[in-house]
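I have placed the structure first, in the form of structure tokens, so that the comments after it can refer back to it.
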Amino acid sequence: MINIIGKQERKYKNEENKEMKKENNYILTDMNHKKLIFGVVIIHVCFMLIGASGILSGLKEKNIFYGVLINMIYQLTLIIMIGVAMKQYLITSFKKFKADRISVNIKRVLAGVGIAFLLSYIVRIIEMTMCSNISVSANQSNVNGYFVDYPILAVIMSVIMGPFTEEIIYRGILFRFFSKYGELCAVLSTGFLFGTMHMLFSFGNTNILLFLCQWLDYFLSGILLGFIYKKYKNIWINVSIHGTWNLIVAVIILTQI
């Protein structure tokens, strides 16, 4: 009797795993989708590299609205491409997200934000201990500038558009690419890339200790979001946590302004 139950459970788990694998990897069967997904990653990398080169900074010095406009166009382009290429993935994930009780999803989001806050606080202590000059990263400084002149657009970009595109790129796309080498590898690799890409704007603009501390903050955030995706396999949980964290930061920035 026990053996029969055990076999049924194993069969059910195998079927569930196959279904999840099918849902997570369905886009790999369509060459057009693969090209679009590859294009999303390339556009993201190019945009970050162009921003780090100082070209965007020059435009923002003339008129900060140019920076806002370029960011909005960039984000909208990615959202459209992602919507076309990963429509079924997003719908399937959202159905699973919606199927869970609201209280369960709220607890998951609050737990994720709480852990993120704790990690950030620990990094802040390390930063204050090791670095004589404390400052925000160049990436965060750019975002803060948008809040001063265009707070509504800044909130839309940082709380809605940014978390969506970043989670899709790092957890929805790159995580699955690196997971062929193991999910732990995927967590570490995407965390490293997440931290490094956010610090491209700071290369050469700050001392090495401060740079490493700021990079560590983004890296640990990426690691946390990677483990959350590994646990729940639902991109909307990641987007919700990322967006909520950015919302808290946005409120802090706006109250200071």
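Naming works like this for the structure tokens: A, B, ... for the chains as they're shown, residue 1 at the start of each chain, ligands 1 onward in shown order.
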
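Those residues that approach A:Asn71 to within 12 Å, counting only C-alpha atoms, are His44, Phe47, Met48, Ile50, Gly51, Leu56, Lys60, Ile64, Phe65, Tyr66, Gly67, Val68, Tyr74, Gln75, Leu76, Thr77, Leu78, Asn142, Val143, Tyr146, Leu153, Ala154, Ile156, Met157, Ser158, Met161 and Gly162 of chain A; same-chain residues fewer than 3 positions away are not listed.
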
Please produce a file of the residues just selected, as a short mmCIF file (atom, residue, chain, number, x, y, z; two decimals), in the first residue's frame, where the atoms kept are N, CA, C and O atoms.
```cif
data_model
loop_
_atom_site.label_atom_id
_atom_site.label_comp_id
_atom_site.auth_asym_id
_atom_site.auth_seq_id
_atom_site.Cartn_x
_atom_site.Cartn_y
_atom_site.Cartn_z
N HIS A 44 19.30 45.79 -23.54
CA HIS A 44 19.57 46.14 -22.14
C HIS A 44 21.06 46.39 -21.91
O HIS A 44 21.44 47.41 -21.31
N PHE A 47 22.23 49.58 -23.72
CA PHE A 47 21.73 50.79 -23.05
C PHE A 47 22.58 51.10 -21.82
O PHE A 47 22.94 52.26 -21.58
N MET A 48 22.90 50.06 -21.04
CA MET A 48 23.70 50.25 -19.83
C MET A 48 25.11 50.70 -20.18
O MET A 48 25.69 51.57 -19.51
N ILE A 50 26.03 52.34 -22.94
CA ILE A 50 25.95 53.72 -23.44
C ILE A 50 25.81 54.69 -22.28
O ILE A 50 26.45 55.76 -22.25
N GLY A 51 24.99 54.30 -21.29
CA GLY A 51 24.84 55.15 -20.12
C GLY A 51 26.13 55.30 -19.35
O GLY A 51 26.48 56.40 -18.90
N LEU A 56 24.70 59.73 -22.21
CA LEU A 56 23.42 60.15 -21.64
C LEU A 56 23.60 61.27 -20.63
O LEU A 56 22.75 62.16 -20.53
N LYS A 60 21.67 64.84 -20.43
CA LYS A 60 20.93 65.26 -19.24
C LYS A 60 21.41 66.60 -18.70
O LYS A 60 20.66 67.34 -18.09
N ILE A 64 17.45 67.60 -18.50
CA ILE A 64 17.23 66.30 -17.86
C ILE A 64 16.05 65.55 -18.49
O ILE A 64 15.95 64.32 -18.38
N PHE A 65 15.15 66.28 -19.15
CA PHE A 65 14.01 65.62 -19.80
C PHE A 65 14.48 64.64 -20.88
O PHE A 65 13.83 63.64 -21.11
N TYR A 66 15.63 64.95 -21.52
CA TYR A 66 16.16 64.02 -22.52
C TYR A 66 16.47 62.67 -21.89
O TYR A 66 16.23 61.62 -22.49
N GLY A 67 17.03 62.70 -20.68
CA GLY A 67 17.32 61.46 -19.97
C GLY A 67 16.07 60.68 -19.66
O GLY A 67 16.02 59.46 -19.83
N VAL A 68 15.02 61.39 -19.20
CA VAL A 68 13.74 60.75 -18.89
C VAL A 68 13.13 60.16 -20.16
O VAL A 68 12.67 59.02 -20.17
N TYR A 74 13.34 53.42 -23.96
CA TYR A 74 14.08 52.17 -23.73
C TYR A 74 13.20 51.15 -23.00
O TYR A 74 13.09 49.99 -23.42
N GLN A 75 12.55 51.59 -21.91
CA GLN A 75 11.72 50.68 -21.13
C GLN A 75 10.51 50.20 -21.94
O GLN A 75 10.17 49.01 -21.91
N LEU A 76 9.86 51.10 -22.64
CA LEU A 76 8.69 50.72 -23.45
C LEU A 76 9.06 49.74 -24.55
O LEU A 76 8.31 48.80 -24.85
N THR A 77 10.23 49.95 -25.16
CA THR A 77 10.70 49.04 -26.21
C THR A 77 10.87 47.63 -25.65
O THR A 77 10.43 46.64 -26.26
N LEU A 78 11.51 47.54 -24.48
CA LEU A 78 11.70 46.23 -23.86
C LEU A 78 10.37 45.59 -23.48
O LEU A 78 10.18 44.39 -23.69
N ASN A 142 21.46 59.05 -10.59
CA ASN A 142 20.72 59.39 -11.81
C ASN A 142 19.22 59.31 -11.58
O ASN A 142 18.46 60.19 -12.00
N VAL A 143 18.79 58.26 -10.90
CA VAL A 143 17.37 58.08 -10.61
C VAL A 143 16.86 59.21 -9.72
O VAL A 143 15.77 59.76 -9.94
N TYR A 146 15.93 62.34 -11.57
CA TYR A 146 14.64 62.30 -12.25
C TYR A 146 13.51 62.65 -11.29
O TYR A 146 12.52 63.28 -11.67
N LEU A 153 6.82 60.55 -13.59
CA LEU A 153 7.49 59.68 -14.56
C LEU A 153 8.56 58.83 -13.88
O LEU A 153 8.75 57.66 -14.22
N ALA A 154 9.26 59.43 -12.91
CA ALA A 154 10.30 58.70 -12.19
C ALA A 154 9.72 57.52 -11.42
O ALA A 154 10.29 56.43 -11.38
N ILE A 156 6.88 55.93 -12.13
CA ILE A 156 6.44 54.93 -13.12
C ILE A 156 7.62 54.09 -13.59
O ILE A 156 7.53 52.86 -13.68
N MET A 157 8.76 54.77 -13.88
CA MET A 157 9.94 54.04 -14.37
C MET A 157 10.56 53.15 -13.31
O MET A 157 10.93 52.01 -13.58
N SER A 158 10.66 53.66 -12.08
CA SER A 158 11.40 52.92 -11.05
C SER A 158 10.56 51.90 -10.30
O SER A 158 11.09 50.91 -9.80
N MET A 161 7.97 50.00 -14.44
CA MET A 161 8.67 49.56 -15.65
C MET A 161 10.01 48.89 -15.34
O MET A 161 10.29 47.80 -15.86
N GLY A 162 10.82 49.53 -14.52
CA GLY A 162 12.15 48.99 -14.20
C GLY A 162 12.11 47.61 -13.57
O GLY A 162 12.78 46.68 -14.04
#
```

Expected answer as number ranges by chain: alpha helix (DSSP H) residues in stretch 116-237 of chain A
A: 116-130, 138-149, 151-155, 162-167, 175-178, 183-198, 208-232, 235-237

Find the residues near A:Ser240: any atom within 12 Å, counting only C-alpha atoms, skip ones fewer than 6 places away on the same chain, and give them as number ranges by chain.
A: 94, 97, 105-113, 159-164, 166-167, 225, 228-229, 234, 246-247

Applying 9 Å and only C-alpha atoms, which residues near stretch 121-123 of chain A remain after dropping the ones on its own chain fewer than 6 positions away? List them as an MDAnalysis selection string.
chainID A and resid 213:214 216:217

With N, CA and C atoms retained, export the selected residues as an mmCIF file, in the first residue's frame.
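again-v4.cif written:
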```cif
data_model
loop_
_atom_site.group_PDB
_atom_site.id
_atom_site.type_symbol
_atom_site.label_atom_id
_atom_site.label_comp_id
_atom_site.auth_asym_id
_atom_site.auth_seq_id
_atom_site.Cartn_x
_atom_site.Cartn_y
_atom_site.Cartn_z
ATOM 1 N N CYS A 213 31.585 48.069 -2.020
ATOM 2 C CA CYS A 213 30.470 48.054 -1.068
ATOM 3 C C CYS A 213 29.146 48.287 -1.782
ATOM 4 N N GLN A 214 29.128 49.249 -2.691
ATOM 5 C CA GLN A 214 27.905 49.524 -3.450
ATOM 6 C C GLN A 214 27.557 48.362 -4.372
ATOM 7 N N LEU A 216 28.320 45.261 -3.756
ATOM 8 C CA LEU A 216 27.856 44.186 -2.869
ATOM 9 C C LEU A 216 26.370 44.336 -2.555
ATOM 10 N N ASP A 217 25.925 45.572 -2.395
ATOM 11 C CA ASP A 217 24.507 45.835 -2.119
ATOM 12 C C ASP A 217 23.630 45.307 -3.260
#
```

Which residues are close to A:Val148, i.e. within 9 Å by only C-alpha atoms, leaving aside same-chain residues fewer than 4 positions away? Reply as a PDB file with C-alpha atoms, in the first residue's frame.
```pdb
ATOM      1  CA  ASN A 144      17.267  60.651  -7.793  1.00  0.00           C
ATOM      2  CA  ALA A 154      10.305  58.698 -12.195  1.00  0.00           C
ATOM      3  CA  ILE A 253      13.441  60.193  -1.952  1.00  0.00           C
ATOM      4  CA  LEU A 254      10.225  62.179  -2.442  1.00  0.00           C
ATOM      5  CA  ILE A 257      12.837  66.437  -1.721  1.00  0.00           C
TER       6      ILE A 257
END
```

Smallest atom-to-atom distance to A:Val155: which of A:Ile115, A:Val251, A:Gly83, A:Phe38, using only C-alpha atoms?
A:Val251

To one decimal place, how far is atom CA of A:Val41 from atom CA of A:Met81 in Å?
10.6 Å
